file input30.txt (compact mmCIF, C-alpha atoms (C1' of nucleotides))
# COMPACT_ATOMS: atom_id res chain seq x y z
CA MET N 18 -139.88 -96.83 -260.98
CA LYS N 19 -139.51 -96.61 -257.23
CA ILE N 20 -141.64 -99.20 -255.44
CA ALA N 21 -141.89 -99.33 -251.66
CA THR N 22 -143.41 -101.60 -249.04
CA PHE N 23 -144.46 -100.20 -245.67
CA ASN N 24 -146.27 -101.77 -242.72
CA ILE N 25 -147.89 -98.63 -241.31
CA ASN N 26 -149.54 -100.19 -238.20
CA GLY N 27 -152.89 -98.47 -238.70
CA ILE N 28 -153.87 -95.86 -241.30
CA LYS N 29 -155.65 -93.67 -238.73
CA ALA N 30 -152.57 -93.55 -236.53
CA ARG N 31 -150.35 -92.80 -239.55
CA ALA N 32 -152.58 -90.24 -241.29
CA GLU N 33 -149.89 -87.56 -240.83
CA ALA N 34 -146.61 -89.48 -240.85
CA LEU N 35 -147.41 -91.47 -244.01
CA PRO N 36 -148.10 -88.49 -246.33
CA ARG N 37 -145.03 -86.75 -244.88
CA TRP N 38 -142.91 -89.73 -245.89
CA LEU N 39 -144.57 -89.90 -249.35
CA ASP N 40 -143.74 -86.23 -249.98
CA GLU N 41 -140.10 -86.68 -249.06
CA ALA N 42 -139.42 -90.16 -250.54
CA GLN N 43 -141.59 -89.72 -253.67
CA PRO N 44 -142.24 -93.42 -254.36
CA ASP N 45 -144.18 -94.23 -257.54
CA VAL N 46 -145.84 -97.28 -256.02
CA VAL N 47 -146.40 -98.24 -252.36
CA LEU N 48 -147.59 -101.53 -250.94
CA LEU N 49 -149.14 -100.91 -247.53
CA GLN N 50 -149.77 -103.47 -244.79
CA GLU N 51 -151.78 -103.33 -241.57
CA ILE N 52 -154.08 -100.53 -242.69
CA LYS N 53 -156.47 -101.80 -239.94
CA SER N 54 -159.41 -100.24 -241.73
CA VAL N 55 -162.37 -101.27 -243.82
CA ASP N 56 -162.27 -100.06 -247.45
CA GLU N 57 -165.03 -97.45 -246.88
CA ASN N 58 -163.06 -95.72 -244.10
CA PHE N 59 -159.67 -95.66 -245.84
CA PRO N 60 -158.75 -91.96 -246.35
CA ARG N 61 -158.08 -92.30 -250.08
CA GLU N 62 -158.26 -88.50 -250.64
CA ILE N 63 -154.92 -88.07 -248.82
CA PHE N 64 -153.30 -90.12 -251.57
CA GLU N 65 -155.45 -89.18 -254.54
CA GLU N 66 -154.63 -85.50 -254.01
CA ARG N 67 -150.96 -86.51 -254.33
CA GLY N 68 -151.61 -88.23 -257.65
CA TYR N 69 -151.89 -91.82 -256.49
CA ASN N 70 -154.41 -94.39 -257.64
CA VAL N 71 -155.65 -96.29 -254.58
CA GLU N 72 -156.72 -99.93 -254.26
CA THR N 73 -157.53 -101.41 -250.85
CA HIS N 74 -158.31 -104.79 -249.36
CA GLY N 75 -159.31 -103.98 -245.80
CA GLN N 76 -161.04 -105.52 -242.83
CA LYS N 77 -162.26 -104.19 -239.50
CA SER N 78 -159.58 -103.62 -236.83
CA PHE N 79 -156.93 -106.03 -238.10
CA ASN N 80 -154.67 -106.70 -241.06
CA GLY N 81 -155.60 -105.02 -244.34
CA VAL N 82 -153.41 -104.23 -247.35
CA ALA N 83 -153.44 -101.54 -250.02
CA ILE N 84 -151.67 -100.33 -253.15
CA LEU N 85 -150.89 -96.69 -254.01
CA SER N 86 -149.66 -96.05 -257.53
CA LYS N 87 -148.90 -93.00 -259.64
CA TYR N 88 -149.18 -95.28 -262.68
CA PRO N 89 -152.43 -96.94 -263.78
CA LEU N 90 -153.35 -100.21 -262.05
CA GLU N 91 -155.06 -103.02 -263.92
CA ASP N 92 -156.41 -106.49 -263.07
CA VAL N 93 -156.58 -105.92 -259.32
CA SER N 94 -157.09 -109.12 -257.33
CA ARG N 95 -157.78 -109.41 -253.60
CA GLY N 96 -157.02 -112.36 -251.33
CA LEU N 97 -154.39 -115.07 -251.60
CA PRO N 98 -155.80 -118.00 -253.62
CA GLY N 99 -156.12 -121.46 -252.11
CA ASP N 100 -158.60 -121.09 -249.24
CA GLU N 101 -162.10 -119.73 -249.81
CA GLU N 102 -162.70 -119.79 -246.03
CA ASP N 103 -159.83 -117.41 -245.23
CA GLU N 104 -161.36 -114.14 -244.01
CA GLN N 105 -158.11 -112.32 -243.24
CA ALA N 106 -157.16 -109.45 -245.58
CA ARG N 107 -153.48 -110.13 -246.23
CA TRP N 108 -152.99 -110.13 -250.00
CA ILE N 109 -153.59 -107.76 -252.92
CA GLU N 110 -152.09 -107.78 -256.39
CA ALA N 111 -152.30 -105.67 -259.53
CA THR N 112 -150.52 -104.88 -262.75
CA VAL N 113 -148.73 -101.52 -262.87
CA ILE N 114 -148.52 -100.01 -266.33
CA GLY N 115 -145.14 -98.28 -266.66
CA LYS N 116 -142.85 -98.45 -269.69
CA ARG N 117 -143.70 -102.15 -269.44
CA ALA N 118 -146.24 -104.00 -267.34
CA LEU N 119 -145.17 -105.13 -263.86
CA ARG N 120 -147.21 -107.51 -261.71
CA ILE N 121 -147.00 -106.51 -258.05
CA CYS N 122 -148.23 -108.52 -255.06
CA GLY N 123 -148.54 -106.90 -251.62
CA LEU N 124 -148.64 -109.25 -248.66
CA TYR N 125 -148.96 -109.28 -244.90
CA LEU N 126 -147.83 -112.73 -243.86
CA PRO N 127 -149.29 -114.05 -240.57
CA ASN N 128 -147.19 -113.53 -237.46
CA GLY N 129 -147.75 -117.09 -236.23
CA ASN N 130 -147.14 -116.68 -232.51
CA PRO N 131 -147.47 -118.45 -230.23
CA ALA N 132 -145.65 -121.39 -231.77
CA PRO N 133 -146.53 -124.17 -231.79
CA GLY N 134 -150.30 -123.68 -231.95
CA PRO N 135 -153.18 -122.89 -234.32
CA LYS N 136 -151.76 -119.49 -235.28
CA PHE N 137 -148.48 -121.07 -236.24
CA ASP N 138 -150.34 -123.73 -238.25
CA TYR N 139 -152.21 -120.92 -240.05
CA LYS N 140 -148.89 -119.21 -240.85
CA LEU N 141 -147.40 -122.36 -242.38
CA ALA N 142 -150.59 -123.16 -244.30
CA TRP N 143 -150.62 -119.58 -245.63
CA MET N 144 -147.02 -119.99 -246.76
CA GLU N 145 -147.96 -123.13 -248.70
CA ARG N 146 -150.55 -121.07 -250.54
CA LEU N 147 -147.90 -118.38 -251.08
CA TYR N 148 -145.64 -121.04 -252.60
CA GLU N 149 -148.35 -122.00 -255.09
CA ARG N 150 -148.99 -118.39 -256.11
CA ALA N 151 -145.23 -117.75 -256.36
CA ARG N 152 -144.78 -120.71 -258.69
CA ASP N 153 -147.56 -119.47 -260.99
CA LEU N 154 -146.05 -115.99 -260.96
CA LEU N 155 -142.65 -117.32 -262.06
CA ALA N 156 -144.26 -119.37 -264.81
CA THR N 157 -145.41 -116.16 -266.51
CA GLU N 158 -141.72 -115.31 -267.16
CA GLU N 159 -142.65 -111.63 -266.80
CA PRO N 160 -141.35 -108.91 -264.46
CA ALA N 161 -143.18 -109.43 -261.17
CA LEU N 162 -142.60 -109.06 -257.46
CA MET N 163 -144.04 -110.07 -254.10
CA ALA N 164 -143.32 -107.59 -251.32
CA GLY N 165 -144.51 -106.84 -247.84
CA ASP N 166 -144.28 -107.78 -244.20
CA TYR N 167 -143.21 -111.43 -244.40
CA ASN N 168 -142.89 -111.80 -240.62
CA ILE N 169 -139.80 -113.91 -241.35
CA ILE N 170 -136.26 -113.29 -240.12
CA PRO N 171 -134.40 -115.09 -242.93
CA GLN N 172 -130.99 -115.47 -241.24
CA ALA N 173 -129.35 -114.89 -237.86
CA GLU N 174 -127.65 -111.78 -239.26
CA ASP N 175 -131.12 -110.28 -239.79
CA ALA N 176 -131.62 -109.86 -236.02
CA LYS N 177 -129.60 -107.90 -233.49
CA ARG N 178 -130.15 -110.71 -230.94
CA PRO N 179 -130.97 -113.89 -232.87
CA GLU N 180 -130.88 -116.01 -229.70
CA ALA N 181 -133.90 -114.07 -228.38
CA TRP N 182 -135.91 -115.16 -231.45
CA ARG N 183 -134.91 -118.82 -231.54
CA GLU N 184 -138.33 -120.17 -230.47
CA ASP N 185 -140.32 -117.37 -232.13
CA ALA N 186 -142.61 -117.99 -235.11
CA LEU N 187 -140.60 -115.36 -237.06
CA PHE N 188 -137.36 -117.32 -236.78
CA ARG N 189 -138.29 -120.95 -236.15
CA PRO N 190 -136.72 -123.43 -238.59
CA GLU N 191 -140.13 -124.32 -240.10
CA SER N 192 -140.85 -120.66 -240.92
CA ARG N 193 -137.44 -120.00 -242.41
CA ALA N 194 -137.57 -123.24 -244.40
CA ALA N 195 -140.95 -122.27 -245.86
CA PHE N 196 -139.51 -118.88 -246.86
CA ARG N 197 -136.42 -120.49 -248.42
CA LYS N 198 -138.66 -122.89 -250.31
CA VAL N 199 -140.38 -119.92 -251.97
CA LEU N 200 -137.06 -118.13 -252.61
CA ASN N 201 -135.51 -121.26 -254.11
CA LEU N 202 -138.17 -121.40 -256.79
CA GLY N 203 -135.98 -118.73 -258.40
CA PHE N 204 -136.73 -115.40 -256.74
CA THR N 205 -134.17 -112.75 -255.86
CA GLU N 206 -134.40 -111.30 -252.37
CA ALA N 207 -133.74 -107.73 -253.45
CA PHE N 208 -132.07 -106.32 -250.35
CA ARG N 209 -129.64 -109.22 -249.90
CA ALA N 210 -128.75 -109.17 -253.59
CA ARG N 211 -127.24 -105.74 -253.01
CA THR N 212 -126.22 -105.50 -249.35
CA GLN N 213 -124.44 -108.09 -247.20
CA GLY N 214 -123.65 -108.25 -243.51
CA PRO N 215 -125.46 -107.68 -240.21
CA GLY N 216 -127.11 -104.56 -238.80
CA HIS N 217 -129.83 -103.97 -241.41
CA TYR N 218 -133.33 -104.03 -239.93
CA SER N 219 -136.86 -103.01 -240.91
CA PHE N 220 -138.66 -103.40 -237.56
CA TRP N 221 -137.92 -102.19 -234.04
CA ASP N 222 -140.31 -102.93 -231.16
CA TYR N 223 -141.94 -99.93 -229.48
CA GLN N 224 -140.88 -101.39 -226.12
CA ALA N 225 -137.73 -101.17 -224.09
CA GLY N 226 -136.06 -98.54 -226.28
CA ALA N 227 -135.47 -101.03 -229.10
CA TRP N 228 -134.88 -98.27 -231.69
CA ASN N 229 -132.36 -96.40 -229.54
CA ARG N 230 -130.42 -99.62 -228.98
CA ASN N 231 -130.82 -100.60 -232.67
CA ASP N 232 -132.36 -103.84 -231.40
CA GLY N 233 -134.17 -104.66 -234.65
CA ILE N 234 -135.08 -107.42 -237.08
CA ARG N 235 -135.35 -107.49 -240.88
CA ILE N 236 -138.75 -108.92 -241.78
CA ASP N 237 -139.99 -106.76 -244.68
CA HIS N 238 -138.82 -108.13 -248.00
CA PHE N 239 -138.98 -107.83 -251.78
CA LEU N 240 -138.93 -111.05 -253.81
CA LEU N 241 -138.30 -110.43 -257.51
CA THR N 242 -138.81 -112.76 -260.45
CA PRO N 243 -135.68 -113.10 -262.64
CA GLN N 244 -137.24 -110.74 -265.18
CA ALA N 245 -137.73 -108.11 -262.46
CA ALA N 246 -134.34 -108.74 -260.83
CA ASP N 247 -132.64 -107.93 -264.14
CA LEU N 248 -134.21 -104.46 -263.96
CA MET N 249 -133.15 -103.66 -260.38
CA ARG N 250 -131.10 -100.48 -259.96
CA ASP N 251 -131.28 -100.14 -256.18
CA CYS N 252 -132.84 -101.46 -252.96
CA GLN N 253 -132.75 -99.62 -249.64
CA ILE N 254 -134.30 -99.59 -246.17
CA ASP N 255 -135.48 -96.13 -245.02
CA ALA N 256 -134.40 -96.83 -241.43
CA ALA N 257 -134.35 -93.14 -240.43
CA VAL N 258 -138.16 -93.07 -240.69
CA ARG N 259 -138.27 -95.02 -237.39
CA GLY N 260 -136.88 -91.93 -235.66
CA HIS N 261 -139.56 -89.58 -237.03
CA GLU N 262 -142.60 -88.23 -235.19
CA LYS N 263 -145.22 -90.88 -234.25
CA PRO N 264 -143.60 -93.69 -236.27
CA SER N 265 -144.86 -97.12 -237.20
CA ASP N 266 -142.80 -99.94 -235.68
CA HIS N 267 -141.79 -100.88 -239.26
CA VAL N 268 -139.99 -98.67 -241.78
CA PRO N 269 -140.31 -98.53 -245.60
CA VAL N 270 -138.18 -100.74 -247.82
CA TRP N 271 -137.96 -99.87 -251.52
CA VAL N 272 -136.58 -100.99 -254.86
CA ASP N 273 -135.83 -98.94 -257.94
CA LEU N 274 -136.59 -100.87 -261.14
CA ASP N 275 -135.81 -99.76 -264.67
CA ILE N 276 -139.34 -100.25 -265.89
C1' DA R 19 -138.91 -110.71 -223.07
C1' DT R 20 -145.41 -115.80 -221.64
C1' DG R 21 -144.22 -108.29 -222.86
C1' DC R 22 -141.21 -102.87 -220.31
C1' DC R 23 -145.49 -100.03 -226.05
C1' DT R 24 -148.87 -99.03 -229.46
C1' DC R 25 -152.57 -100.17 -232.18
C1' DC R 26 -157.52 -101.47 -232.60
C1' DC R 27 -162.22 -101.76 -230.67
C1' DC R 28 -164.72 -97.66 -228.12
C1' DG R 29 -165.73 -94.98 -224.16
C1' DA R 30 -163.38 -99.96 -220.00
C1' DG R 31 -159.92 -102.77 -220.46
C1' DG R 32 -158.82 -106.72 -223.49
C1' DG R 33 -156.82 -108.76 -227.85
C1' DA R 34 -153.12 -108.48 -231.11
C1' DG R 35 -148.77 -107.50 -232.62
C1' DA R 36 -143.51 -109.30 -233.08
call {"tool": "encode", "arguments": {"input": "input30.txt", "output": "structure tokens"}}
result
Amino acid sequence: MKIATFNINGIKARAEALPRWLDEAQPDVVLLQEIKSVDENFPREIFEERGYNVETHGQKSFNGVAILSKYPLEDVSRGLPGDEEDEQARWIEATVIGKRALRICGLYLPNGNPAPGPKFDYKLAWMERLYERARDLLATEEPALMAGDYNIIPQAEDAKRPEAWREDALFRPESRAAFRKVLNLGFTEAFRARTQGPGHYSFWDYQAGAWNRNDGIRIDHFLLTPQAADLMRDCQIDAAVRGHEKPSDHVPVWVDLDI
DNA sequence: ATGCCTCCCCGAGGGAGA
């Protein structure tokens, strides 16, 4: 089962590029972030005519996450637990019914800039809630994963110019520590389990020719429970997608699980 | 790089992103 995560930076803006990528990459399941659309306006037909089940958790203008799946989806849940007041659409989870059941969580973690400040506080508070959900997920001892735009550069090697990100909410010590704290519960960071070394990125800014200079950062991640990690056959970043027509600033990252 | 694009809102130009 090929499962991808992709921050598309607006479903309306990606209404042509996204189906083109689906047709060529043929993922079974896709976790989308930044759909920037309310549920009623999400163009589900584009995906349903390709055989995908569609579940969305949208909001007007900002954020918004969705799941596309060629397999049945059960027990869909919207919103990260832990704060009833949180209005931002950044979390959706469901069970995919393949050979075995797989719990998948799609997330769009807050950016957090400028730091320090209220947006950075919101990011760290959100990550505490993520920690709680992650712990419960591990306790099931079932194959499960949390994937999406984490807005975290885990290590210096995950940025072309780490010094430029030193004070940024994506790379500040507090952000990276909060990410490590989740990882250290016992998750496998899928990409780093298979590929070492610098030069692997999932985001390139639209500005200043960042893509042409390969001035990127790796901020889109898959975290696998041990039961899911045991099933991993592959994990790749579809970097070439950044060079396609009218691209998102992020590219897809995917895992292949034997499930 | 406290922003050189691109997205959203809409129907001007500001907020947000990373």
call {"tool": "residues_near_point", "arguments": {"input": "input30.txt", "point": "(-158.8, -103.1, -243.9)", "cutoff": "10 Å", "atoms": "only C-alpha atoms (C1' of nucleotides)", "output": "list in words"}}
result
Gly27, Ile28, Gln50, Glu51, Ile52, Lys53, Ser54, Val55, Asp56, Glu57, Asn58, Phe59, Thr73, His74, Gly75, Gln76, Lys77, Ser78, Phe79, Asn80, Gly81, Val82, Ala83, Gln105, Ala106 and Arg107 of chain N
call {"tool": "closest_residue", "arguments": {"input": "input30.txt", "among": "N:Asn128, N:Ala257, N:Val113, N:Ile236", "to": "R:DG35", "atoms": "all atoms listed in the file"}}
result
N:Asn128
call {"tool": "atom_distance", "arguments": {"input": "input30.txt", "atom1": "atom CA of N:Tyr148", "atom2": "atom CA of N:Asp275"}}
result
26.4 Å
call {"tool": "interface_residues", "arguments": {"input": "input30.txt", "of": "chain N", "to": "chain R", "cutoff": "6 Å", "atoms": "all atoms listed in the file", "output": "list in words"}}
result
Ser78, Tyr223, Gln224 and Ala225 of chain N
call {"tool": "residues_around", "arguments": {"input": "input30.txt", "residues": "N:Asp40", "least_positions_apart": "3", "cutoff": "12 Å", "atoms": "only C-alpha atoms (C1' of nucleotides)", "output": "list in words"}}
result
Glu33, Ala34, Leu35, Pro36, Arg37, Gln43, Pro44, Asp45, Ile63, Phe64, Glu66, Arg67, Gly68 and Tyr69 of chain N
call {"tool": "closest_residue", "arguments": {"input": "input30.txt", "among": "N:Leu187, N:Trp143, N:Ala164, N:Ala21", "to": "N:Leu39", "atoms": "all atoms listed in the file"}}
result
N:Ala21
call {"tool": "closest_residue", "arguments": {"input": "input30.txt", "among": "N:Leu48, N:Ile84, N:Ile20, N:Ile276", "to": "N:Asp247", "atoms": "only C-alpha atoms"}}
result
N:Ile276
call {"tool": "residues_around", "arguments": {"input": "input30.txt", "residues": "N:Ser265", "least_positions_apart": "6", "cutoff": "7 Å", "atoms": "all atoms listed in the file", "output": "NGL selection string"}}
result
:N and (25-26 or 259)
call {"tool": "closest_residue", "arguments": {"input": "input30.txt", "among": "N:Thr112, N:Ala227, N:Pro60, N:Asp237", "to": "N:Ala30", "atoms": "all atoms listed in the file"}}
result
N:Pro60
call {"tool": "residues_around", "arguments": {"input": "input30.txt", "residues": "stretch 131-140 of chain N", "least_positions_apart": "4", "cutoff": "8 Å", "atoms": "all atoms listed in the file", "output": "PyMOL selection string"}}
result
chain N and resi 126-127+144+184-186
call {"tool": "atom_distance", "arguments": {"input": "input30.txt", "atom1": "atom CA of N:Trp108", "atom2": "atom CA of N:Arg95"}}
result
6.0 Å
call {"tool": "residues_around", "arguments": {"input": "input30.txt", "residues": "stretch 200-211 of chain N", "least_positions_apart": "4", "cutoff": "6 Å", "atoms": "all atoms listed in the file", "output": "list of chain:residue names"}}
result
N:Phe239, N:Leu240, N:Leu241, N:Thr242, N:Cys252
call {"tool": "closest_residue", "arguments": {"input": "input30.txt", "among": "N:Leu147, N:Ala142, N:Ile114, N:Ala32", "to": "N:Tyr167", "atoms": "only C-alpha atoms"}}
result
N:Leu147
call {"tool": "atom_distance", "arguments": {"input": "input30.txt", "atom1": "atom CA of N:Gln213", "atom2": "atom CA of N:Asp232"}}
result
18.2 Å
call {"tool": "axis_aligned_box", "arguments": {"input": "input30.txt", "around": "stretch 20-34 of chain R", "padding_each_side": "3 Å", "output": "lines of an AutoDock Vina configuration file"}}
result
center_x = -153.5
center_y = -105.4
center_z = -226.3
size_x = 30.5
size_y = 26.8
size_z = 18.6
call {"tool": "closest_residue", "arguments": {"input": "input30.txt", "among": "N:Phe196, N:Ile121, N:Arg146, N:Asp100", "to": "N:Met163", "atoms": "all atoms listed in the file"}}
result
N:Ile121
call {"tool": "decode", "arguments": {"input": "input30.txt", "residues": "stretch 173-208 of chain N", "atoms": "N, CA and C atoms", "output": "PDB file, in the first residue's frame"}}
result
ATOM      1  N   ALA N 173      20.099  19.816  11.329  1.00  0.00           N
ATOM      2  CA  ALA N 173      20.768  20.769  10.436  1.00  0.00           C
ATOM      3  C   ALA N 173      20.891  20.220   9.014  1.00  0.00           C
ATOM      4  N   GLU N 174      21.097  18.928   8.891  1.00  0.00           N
ATOM      5  CA  GLU N 174      21.260  18.328   7.557  1.00  0.00           C
ATOM      6  C   GLU N 174      19.961  18.357   6.740  1.00  0.00           C
ATOM      7  N   ASP N 175      18.848  18.716   7.387  1.00  0.00           N
ATOM      8  CA  ASP N 175      17.570  18.793   6.697  1.00  0.00           C
ATOM      9  C   ASP N 175      17.295  20.173   6.114  1.00  0.00           C
ATOM     10  N   ALA N 176      18.311  21.035   6.104  1.00  0.00           N
ATOM     11  CA  ALA N 176      18.213  22.353   5.465  1.00  0.00           C
ATOM     12  C   ALA N 176      19.478  22.612   4.668  1.00  0.00           C
ATOM     13  N   LYS N 177      19.307  23.248   3.508  1.00  0.00           N
ATOM     14  CA  LYS N 177      20.473  23.616   2.707  1.00  0.00           C
ATOM     15  C   LYS N 177      21.331  24.639   3.452  1.00  0.00           C
ATOM     16  N   ARG N 178      20.634  25.609   4.126  1.00  0.00           N
ATOM     17  CA  ARG N 178      21.347  26.653   4.865  1.00  0.00           C
ATOM     18  C   ARG N 178      20.812  26.727   6.292  1.00  0.00           C
ATOM     19  N   PRO N 179      21.201  25.789   7.135  1.00  0.00           N
ATOM     20  CA  PRO N 179      20.635  25.742   8.493  1.00  0.00           C
ATOM     21  C   PRO N 179      20.820  27.044   9.271  1.00  0.00           C
ATOM     22  N   GLU N 180      21.903  27.757   9.025  1.00  0.00           N
ATOM     23  CA  GLU N 180      22.154  29.002   9.766  1.00  0.00           C
ATOM     24  C   GLU N 180      21.053  30.036   9.507  1.00  0.00           C
ATOM     25  N   ALA N 181      20.432  29.983   8.318  1.00  0.00           N
ATOM     26  CA  ALA N 181      19.369  30.935   7.986  1.00  0.00           C
ATOM     27  C   ALA N 181      18.089  30.635   8.774  1.00  0.00           C
ATOM     28  N   TRP N 182      17.985  29.448   9.339  1.00  0.00           N
ATOM     29  CA  TRP N 182      16.763  29.013  10.035  1.00  0.00           C
ATOM     30  C   TRP N 182      16.931  28.985  11.555  1.00  0.00           C
ATOM     31  N   ARG N 183      18.072  29.424  12.032  1.00  0.00           N
ATOM     32  CA  ARG N 183      18.422  29.243  13.444  1.00  0.00           C
ATOM     33  C   ARG N 183      17.375  29.821  14.406  1.00  0.00           C
ATOM     34  N   GLU N 184      16.848  31.004  14.067  1.00  0.00           N
ATOM     35  CA  GLU N 184      15.874  31.668  14.946  1.00  0.00           C
ATOM     36  C   GLU N 184      14.433  31.387  14.518  1.00  0.00           C
ATOM     37  N   ASP N 185      14.257  30.584  13.486  1.00  0.00           N
ATOM     38  CA  ASP N 185      12.930  30.346  12.914  1.00  0.00           C
ATOM     39  C   ASP N 185      12.171  29.289  13.725  1.00  0.00           C
ATOM     40  N   ALA N 186      10.839  29.457  13.766  1.00  0.00           N
ATOM     41  CA  ALA N 186       9.995  28.521  14.525  1.00  0.00           C
ATOM     42  C   ALA N 186      10.123  27.086  14.009  1.00  0.00           C
ATOM     43  N   LEU N 187      10.572  26.901  12.764  1.00  0.00           N
ATOM     44  CA  LEU N 187      10.703  25.554  12.198  1.00  0.00           C
ATOM     45  C   LEU N 187      11.953  24.827  12.695  1.00  0.00           C
ATOM     46  N   PHE N 188      12.891  25.617  13.240  1.00  0.00           N
ATOM     47  CA  PHE N 188      14.190  25.022  13.587  1.00  0.00           C
ATOM     48  C   PHE N 188      14.647  25.359  15.001  1.00  0.00           C
ATOM     49  N   ARG N 189      13.886  26.198  15.697  1.00  0.00           N
ATOM     50  CA  ARG N 189      14.283  26.580  17.050  1.00  0.00           C
ATOM     51  C   ARG N 189      14.397  25.342  17.944  1.00  0.00           C
ATOM     52  N   PRO N 190      15.270  25.391  18.928  1.00  0.00           N
ATOM     53  CA  PRO N 190      15.479  24.228  19.805  1.00  0.00           C
ATOM     54  C   PRO N 190      14.192  23.715  20.447  1.00  0.00           C
ATOM     55  N   GLU N 191      13.285  24.643  20.827  1.00  0.00           N
ATOM     56  CA  GLU N 191      12.034  24.204  21.481  1.00  0.00           C
ATOM     57  C   GLU N 191      11.190  23.360  20.524  1.00  0.00           C
ATOM     58  N   SER N 192      11.146  23.767  19.248  1.00  0.00           N
ATOM     59  CA  SER N 192      10.349  23.048  18.248  1.00  0.00           C
ATOM     60  C   SER N 192      10.935  21.662  17.996  1.00  0.00           C
ATOM     61  N   ARG N 193      12.240  21.634  17.816  1.00  0.00           N
ATOM     62  CA  ARG N 193      12.900  20.363  17.522  1.00  0.00           C
ATOM     63  C   ARG N 193      12.839  19.428  18.716  1.00  0.00           C
ATOM     64  N   ALA N 194      12.923  19.987  19.926  1.00  0.00           N
ATOM     65  CA  ALA N 194      12.820  19.158  21.130  1.00  0.00           C
ATOM     66  C   ALA N 194      11.433  18.539  21.246  1.00  0.00           C
ATOM     67  N   ALA N 195      10.399  19.342  20.928  1.00  0.00           N
ATOM     68  CA  ALA N 195       9.030  18.834  21.000  1.00  0.00           C
ATOM     69  C   ALA N 195       8.826  17.712  19.983  1.00  0.00           C
ATOM     70  N   PHE N 196       9.428  17.845  18.809  1.00  0.00           N
ATOM     71  CA  PHE N 196       9.349  16.805  17.779  1.00  0.00           C
ATOM     72  C   PHE N 196      10.082  15.538  18.244  1.00  0.00           C
ATOM     73  N   ARG N 197      11.288  15.724  18.782  1.00  0.00           N
ATOM     74  CA  ARG N 197      12.050  14.567  19.293  1.00  0.00           C
ATOM     75  C   ARG N 197      11.306  13.850  20.403  1.00  0.00           C
ATOM     76  N   LYS N 198      10.616  14.646  21.229  1.00  0.00           N
ATOM     77  CA  LYS N 198       9.882  14.050  22.348  1.00  0.00           C
ATOM     78  C   LYS N 198       8.797  13.094  21.831  1.00  0.00           C
ATOM     79  N   VAL N 199       8.147  13.474  20.735  1.00  0.00           N
ATOM     80  CA  VAL N 199       7.150  12.595  20.122  1.00  0.00           C
ATOM     81  C   VAL N 199       7.849  11.362  19.529  1.00  0.00           C
ATOM     82  N   LEU N 200       8.899  11.621  18.730  1.00  0.00           N
ATOM     83  CA  LEU N 200       9.650  10.523  18.108  1.00  0.00           C
ATOM     84  C   LEU N 200      10.110   9.501  19.142  1.00  0.00           C
ATOM     85  N   ASN N 201      10.638  10.026  20.263  1.00  0.00           N
ATOM     86  CA  ASN N 201      11.259   9.160  21.271  1.00  0.00           C
ATOM     87  C   ASN N 201      10.270   8.329  22.063  1.00  0.00           C
ATOM     88  N   LEU N 202       8.981   8.564  21.843  1.00  0.00           N
ATOM     89  CA  LEU N 202       7.985   7.655  22.401  1.00  0.00           C
ATOM     90  C   LEU N 202       8.157   6.263  21.802  1.00  0.00           C
ATOM     91  N   GLY N 203       8.743   6.225  20.576  1.00  0.00           N
ATOM     92  CA  GLY N 203       8.957   4.935  19.930  1.00  0.00           C
ATOM     93  C   GLY N 203       8.565   4.897  18.463  1.00  0.00           C
ATOM     94  N   PHE N 204       8.430   6.074  17.854  1.00  0.00           N
ATOM     95  CA  PHE N 204       8.091   6.124  16.426  1.00  0.00           C
ATOM     96  C   PHE N 204       9.349   6.010  15.565  1.00  0.00           C
ATOM     97  N   THR N 205       9.147   5.549  14.352  1.00  0.00           N
ATOM     98  CA  THR N 205      10.196   5.547  13.334  1.00  0.00           C
ATOM     99  C   THR N 205       9.920   6.667  12.348  1.00  0.00           C
ATOM    100  N   GLU N 206      10.901   7.540  12.160  1.00  0.00           N
ATOM    101  CA  GLU N 206      10.785   8.578  11.134  1.00  0.00           C
ATOM    102  C   GLU N 206      11.176   7.900   9.825  1.00  0.00           C
ATOM    103  N   ALA N 207      10.165   7.641   8.993  1.00  0.00           N
ATOM    104  CA  ALA N 207      10.314   6.709   7.868  1.00  0.00           C
ATOM    105  C   ALA N 207      11.454   7.089   6.931  1.00  0.00           C
ATOM    106  N   PHE N 208      11.535   8.351   6.543  1.00  0.00           N
ATOM    107  CA  PHE N 208      12.544   8.720   5.551  1.00  0.00           C
ATOM    108  C   PHE N 208      13.954   8.496   6.091  1.00  0.00           C
TER     109      PHE N 208
END
